[in-house]
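Peer 1: I'd like to ask you about the structure that follows.
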Amino acid sequence: MKRFWDKVDNNGKDSFSDCWNWIASKDKDGYGRFFLNGKHRKAHRVSFALWGFDVPDNRCVLHRCDNPACVNPAHLFLGTNKENSQDMVRKGRQANKKLSDEDVLWIRQLGGTTVQLAKCFGVAPSLISMIKSGQRREYV
């Protein structure tokens, strides 16, 4: 599916060791979005399916590389919601992690993408987005 792969930057390499980054539309958490059959779908799920893997609706496609923009099938694996949560905790990305007021001030002042800041502070990108927009911790 040429339309899909045209939106992927694999740096001209066929290497399965490097991330293949999605360079088109992304959601607030940095995951690629691809319009297919009348619906927006997560690009990494589409990639996994295009490589011949069965992707049931009740399963998650997880990233070994922890890069939400990556669609390299060698970096992806199937898991349950529970396994996804355990993977997130193991990698220090708890969405409900407590941030200090000082952390919140730094998040608002620092440059960088939402995904970069989320990795730096060990939280979900959606939390960074809500802090920057004033939807969370507006009192700080």
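If you're wondering about the labels, chains in the structure tokens are A, B, ... by order shown, residues count from 1 in each chain, ligands from 1 in order shown.
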Name the residues in contact with region 124-134 of chain A at a cut-off of 12 Å, using only C-alpha atoms, excluding same-chain residues fewer than 5 positions from it; report them as an MDAnalysis selection string.
Peer 2: chainID A and resid 27:31 66:68 85 88:89 91:99 101 103:119 139:140
Peer 1: How about saving the chosen residues, C-alpha atoms kept, as a short mmCIF file (atom, residue, chain, number, x, y, z; two decimals), in the first residue's frame?
Peer 2:
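Output below, filename result_5.cif:
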data_model
loop_
_atom_site.label_atom_id
_atom_site.label_comp_id
_atom_site.auth_asym_id
_atom_site.auth_seq_id
_atom_site.Cartn_x
_atom_site.Cartn_y
_atom_site.Cartn_z
CA ASP A 27 -2.69 12.22 17.60
CA LYS A 28 -2.05 14.18 20.80
CA ASP A 29 0.09 11.34 22.17
CA GLY A 30 2.38 11.23 19.11
CA TYR A 31 0.89 8.10 17.49
CA ASP A 66 8.87 3.14 23.11
CA ASN A 67 8.56 5.57 20.17
CA PRO A 68 4.86 6.21 19.41
CA SER A 85 -0.19 -1.02 31.33
CA MET A 88 4.12 1.51 30.59
CA VAL A 89 4.90 1.15 34.31
CA LYS A 91 9.31 1.91 31.32
CA GLY A 92 8.42 4.63 33.84
CA ARG A 93 5.57 6.19 31.87
CA GLN A 94 2.78 6.20 34.44
CA ALA A 95 0.08 8.59 33.26
CA ASN A 96 -0.90 9.30 36.88
CA LYS A 97 2.65 9.89 38.12
CA LYS A 98 2.83 12.79 40.54
CA LEU A 99 4.61 15.83 39.16
CA ASP A 101 4.80 22.14 41.00
CA ASP A 103 8.04 20.06 37.21
CA VAL A 104 4.84 21.68 35.95
CA LEU A 105 6.54 25.08 35.67
CA TRP A 106 9.44 23.52 33.75
CA ILE A 107 7.02 21.74 31.39
CA ARG A 108 5.36 25.06 30.59
CA GLN A 109 8.69 26.82 29.98
CA LEU A 110 10.69 24.18 28.14
CA GLY A 111 10.68 23.85 24.39
CA GLY A 112 10.43 20.51 22.68
CA THR A 113 7.59 18.33 21.58
CA THR A 114 4.93 16.89 23.82
CA VAL A 115 6.39 13.41 23.27
CA GLN A 116 9.93 14.55 24.15
CA LEU A 117 8.74 16.21 27.36
CA ALA A 118 6.67 13.15 28.29
CA LYS A 119 9.75 10.93 27.99
CA TYR A 139 -3.30 26.66 39.71
CA VAL A 140 0.50 26.35 39.39
#
Peer 1: May I have the residues within 10 Å of region 42-54 of chain A as a short mmCIF file (atom, residue, chain, number, x, y, z; two decimals) with C-alpha atoms, in the first residue's frame, using only C-alpha atoms and disregarding those fewer than 3 positions away in the same chain?
Peer 2:
data_model
loop_
_atom_site.label_atom_id
_atom_site.label_comp_id
_atom_site.auth_asym_id
_atom_site.auth_seq_id
_atom_site.Cartn_x
_atom_site.Cartn_y
_atom_site.Cartn_z
CA MET A 1 0.00 0.00 0.00
CA PHE A 4 0.74 4.29 3.64
CA TRP A 5 4.49 3.82 3.10
CA LYS A 7 4.09 8.67 5.00
CA VAL A 8 6.98 6.79 6.63
CA TRP A 20 10.61 3.98 10.88
CA ASN A 21 8.91 7.23 11.88
CA TRP A 22 5.44 8.26 10.79
CA ALA A 24 2.04 12.47 8.56
CA SER A 25 -0.86 13.20 10.92
CA LYS A 26 -0.40 12.26 14.59
CA ASP A 27 -2.69 12.22 17.60
CA TYR A 31 0.89 8.10 17.49
CA GLY A 32 0.55 8.19 13.71
CA ARG A 33 -2.96 8.38 12.26
CA PHE A 34 -3.90 6.86 8.92
CA PHE A 35 -7.30 7.18 7.23
CA LEU A 36 -8.40 3.76 5.99
CA LYS A 39 -11.85 5.66 9.75
CA ASP A 57 -9.60 -5.36 17.93
CA ARG A 59 -5.44 -6.53 21.45
CA CYS A 60 -2.92 -3.71 21.66
CA VAL A 61 0.06 -3.27 19.37
CA LEU A 62 2.94 -2.28 21.66
CA HIS A 63 6.28 -0.64 20.88
CA PRO A 68 4.86 6.21 19.41
CA ALA A 69 5.67 7.46 15.89
CA CYS A 70 7.50 4.24 14.96
CA VAL A 71 5.78 1.88 12.50
CA ASN A 72 8.67 -0.57 12.04
CA PRO A 73 7.05 -4.02 12.46
CA ALA A 74 10.25 -5.36 14.05
CA HIS A 75 9.66 -2.90 16.90
CA LEU A 76 6.02 -3.91 17.42
CA PHE A 77 4.33 -6.77 19.25
CA LEU A 78 0.83 -7.78 20.30
#
Peer 1: Enumerate, as an MDAnalysis selection string, the complete set of residues in chain A that a backbone-based DSSP assignment places in strand (DSSP E or B).
Peer 2: chainID A and resid 8:9 21:22 26 32:36 39:42 60:63 70 76:79
Peer 1: The selected residues should be written to file as a PDB file, in the first residue's frame (atoms: N, CA and C atoms).
Peer 2:
ATOM      1  N   VAL A   8       6.016   7.360   5.687  1.00  0.00           N
ATOM      2  CA  VAL A   8       6.979   6.787   6.632  1.00  0.00           C
ATOM      3  C   VAL A   8       8.389   7.224   6.255  1.00  0.00           C
ATOM      4  N   ASP A   9       9.140   7.683   7.245  1.00  0.00           N
ATOM      5  CA  ASP A   9      10.545   8.027   7.044  1.00  0.00           C
ATOM      6  C   ASP A   9      11.400   6.931   7.669  1.00  0.00           C
ATOM      7  N   ASN A  21       9.810   6.242  11.290  1.00  0.00           N
ATOM      8  CA  ASN A  21       8.914   7.229  11.877  1.00  0.00           C
ATOM      9  C   ASN A  21       7.808   7.666  10.932  1.00  0.00           C
ATOM     10  N   TRP A  22       6.611   7.765  11.493  1.00  0.00           N
ATOM     11  CA  TRP A  22       5.439   8.261  10.792  1.00  0.00           C
ATOM     12  C   TRP A  22       5.577   9.770  10.686  1.00  0.00           C
ATOM     13  N   LYS A  26      -0.582  12.980  13.323  1.00  0.00           N
ATOM     14  CA  LYS A  26      -0.399  12.259  14.590  1.00  0.00           C
ATOM     15  C   LYS A  26      -1.454  12.716  15.587  1.00  0.00           C
ATOM     16  N   GLY A  32       0.964   7.894  15.072  1.00  0.00           N
ATOM     17  CA  GLY A  32       0.551   8.188  13.710  1.00  0.00           C
ATOM     18  C   GLY A  32      -0.911   7.829  13.476  1.00  0.00           C
ATOM     19  N   ARG A  33      -1.560   8.637  12.636  1.00  0.00           N
ATOM     20  CA  ARG A  33      -2.961   8.380  12.265  1.00  0.00           C
ATOM     21  C   ARG A  33      -3.025   8.194  10.758  1.00  0.00           C
ATOM     22  N   PHE A  34      -3.763   7.170  10.341  1.00  0.00           N
ATOM     23  CA  PHE A  34      -3.899   6.862   8.923  1.00  0.00           C
ATOM     24  C   PHE A  34      -5.370   6.628   8.626  1.00  0.00           C
ATOM     25  N   PHE A  35      -5.886   7.309   7.599  1.00  0.00           N
ATOM     26  CA  PHE A  35      -7.297   7.178   7.229  1.00  0.00           C
ATOM     27  C   PHE A  35      -7.447   5.979   6.300  1.00  0.00           C
ATOM     28  N   LEU A  36      -8.221   4.998   6.734  1.00  0.00           N
ATOM     29  CA  LEU A  36      -8.404   3.760   5.986  1.00  0.00           C
ATOM     30  C   LEU A  36      -9.837   3.272   6.151  1.00  0.00           C
ATOM     31  N   LYS A  39     -12.168   5.432   8.335  1.00  0.00           N
ATOM     32  CA  LYS A  39     -11.854   5.655   9.748  1.00  0.00           C
ATOM     33  C   LYS A  39     -10.383   6.000   9.931  1.00  0.00           C
ATOM     34  N   HIS A  40     -10.114   6.839  10.942  1.00  0.00           N
ATOM     35  CA  HIS A  40      -8.724   7.063  11.341  1.00  0.00           C
ATOM     36  C   HIS A  40      -8.275   5.870  12.171  1.00  0.00           C
ATOM     37  N   ARG A  41      -7.113   5.352  11.828  1.00  0.00           N
ATOM     38  CA  ARG A  41      -6.554   4.198  12.531  1.00  0.00           C
ATOM     39  C   ARG A  41      -5.138   4.536  12.972  1.00  0.00           C
ATOM     40  N   LYS A  42      -4.692   3.874  14.010  1.00  0.00           N
ATOM     41  CA  LYS A  42      -3.317   4.089  14.469  1.00  0.00           C
ATOM     42  C   LYS A  42      -2.364   3.472  13.451  1.00  0.00           C
ATOM     43  N   CYS A  60      -3.729  -4.914  21.873  1.00  0.00           N
ATOM     44  CA  CYS A  60      -2.923  -3.713  21.663  1.00  0.00           C
ATOM     45  C   CYS A  60      -1.706  -4.080  20.821  1.00  0.00           C
ATOM     46  N   VAL A  61      -1.224  -3.122  20.042  1.00  0.00           N
ATOM     47  CA  VAL A  61       0.064  -3.274  19.369  1.00  0.00           C
ATOM     48  C   VAL A  61       1.029  -2.367  20.133  1.00  0.00           C
ATOM     49  N   LEU A  62       2.006  -2.991  20.788  1.00  0.00           N
ATOM     50  CA  LEU A  62       2.939  -2.284  21.660  1.00  0.00           C
ATOM     51  C   LEU A  62       4.262  -2.014  20.943  1.00  0.00           C
ATOM     52  N   HIS A  63       4.982  -1.029  21.443  1.00  0.00           N
ATOM     53  CA  HIS A  63       6.278  -0.641  20.879  1.00  0.00           C
ATOM     54  C   HIS A  63       7.423  -1.128  21.761  1.00  0.00           C
ATOM     55  N   CYS A  70       6.854   5.334  15.690  1.00  0.00           N
ATOM     56  CA  CYS A  70       7.501   4.237  14.964  1.00  0.00           C
ATOM     57  C   CYS A  70       6.476   3.241  14.422  1.00  0.00           C
ATOM     58  N   LEU A  76       7.394  -3.787  16.934  1.00  0.00           N
ATOM     59  CA  LEU A  76       6.019  -3.906  17.419  1.00  0.00           C
ATOM     60  C   LEU A  76       5.712  -5.329  17.865  1.00  0.00           C
ATOM     61  N   PHE A  77       4.797  -5.443  18.829  1.00  0.00           N
ATOM     62  CA  PHE A  77       4.335  -6.768  19.254  1.00  0.00           C
ATOM     63  C   PHE A  77       2.932  -6.650  19.830  1.00  0.00           C
ATOM     64  N   LEU A  78       2.189  -7.747  19.777  1.00  0.00           N
ATOM     65  CA  LEU A  78       0.826  -7.777  20.301  1.00  0.00           C
ATOM     66  C   LEU A  78       0.834  -7.950  21.812  1.00  0.00           C
ATOM     67  N   GLY A  79      -0.134  -7.327  22.458  1.00  0.00           N
ATOM     68  CA  GLY A  79      -0.293  -7.490  23.896  1.00  0.00           C
ATOM     69  C   GLY A  79      -1.715  -7.177  24.312  1.00  0.00           C
TER      70      GLY A  79
END
Peer 1: Give the alpha helix (DSSP H) residues of region 40-124 of chain A, as DSSP finds them on the backbone, and put them as a PyMOL selection string.
Peer 2: chain A and resi 43-50+81-90+101-109+114-121
Peer 1: Go ahead and save the residues from that selection, with C-alpha atoms, as a compact mmCIF listing (two decimals), in the first residue's frame.
Peer 2:
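What follows is the written file selection-v6.txt:
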# COMPACT_ATOMS: atom_id res chain seq x y z
CA ALA A 43 -0.49 3.84 11.94
CA HIS A 44 1.52 1.29 13.92
CA ARG A 45 -1.51 -1.07 13.97
CA VAL A 46 -1.90 -0.66 10.19
CA SER A 47 1.81 -1.33 9.65
CA PHE A 48 1.67 -4.49 11.75
CA ALA A 49 -1.31 -5.73 9.72
CA LEU A 50 0.32 -4.82 6.38
CA ASN A 81 -4.48 -3.97 27.85
CA LYS A 82 -2.95 -5.34 31.06
CA GLU A 83 0.38 -6.01 29.32
CA ASN A 84 0.27 -2.50 27.84
CA SER A 85 -0.19 -1.02 31.33
CA GLN A 86 2.59 -3.19 32.76
CA ASP A 87 4.90 -2.15 29.90
CA MET A 88 4.12 1.51 30.59
CA VAL A 89 4.90 1.15 34.31
CA ARG A 90 8.08 -0.87 33.64
CA ASP A 101 4.80 22.14 41.00
CA GLU A 102 8.37 22.81 39.86
CA ASP A 103 8.04 20.06 37.21
CA VAL A 104 4.84 21.68 35.95
CA LEU A 105 6.54 25.08 35.67
CA TRP A 106 9.44 23.52 33.75
CA ILE A 107 7.02 21.74 31.39
CA ARG A 108 5.36 25.06 30.59
CA GLN A 109 8.69 26.82 29.98
CA THR A 114 4.93 16.89 23.82
CA VAL A 115 6.39 13.41 23.27
CA GLN A 116 9.93 14.55 24.15
CA LEU A 117 8.74 16.21 27.36
CA ALA A 118 6.67 13.15 28.29
CA LYS A 119 9.75 10.93 27.99
CA CYS A 120 11.83 13.39 29.99
CA PHE A 121 9.33 13.54 32.88
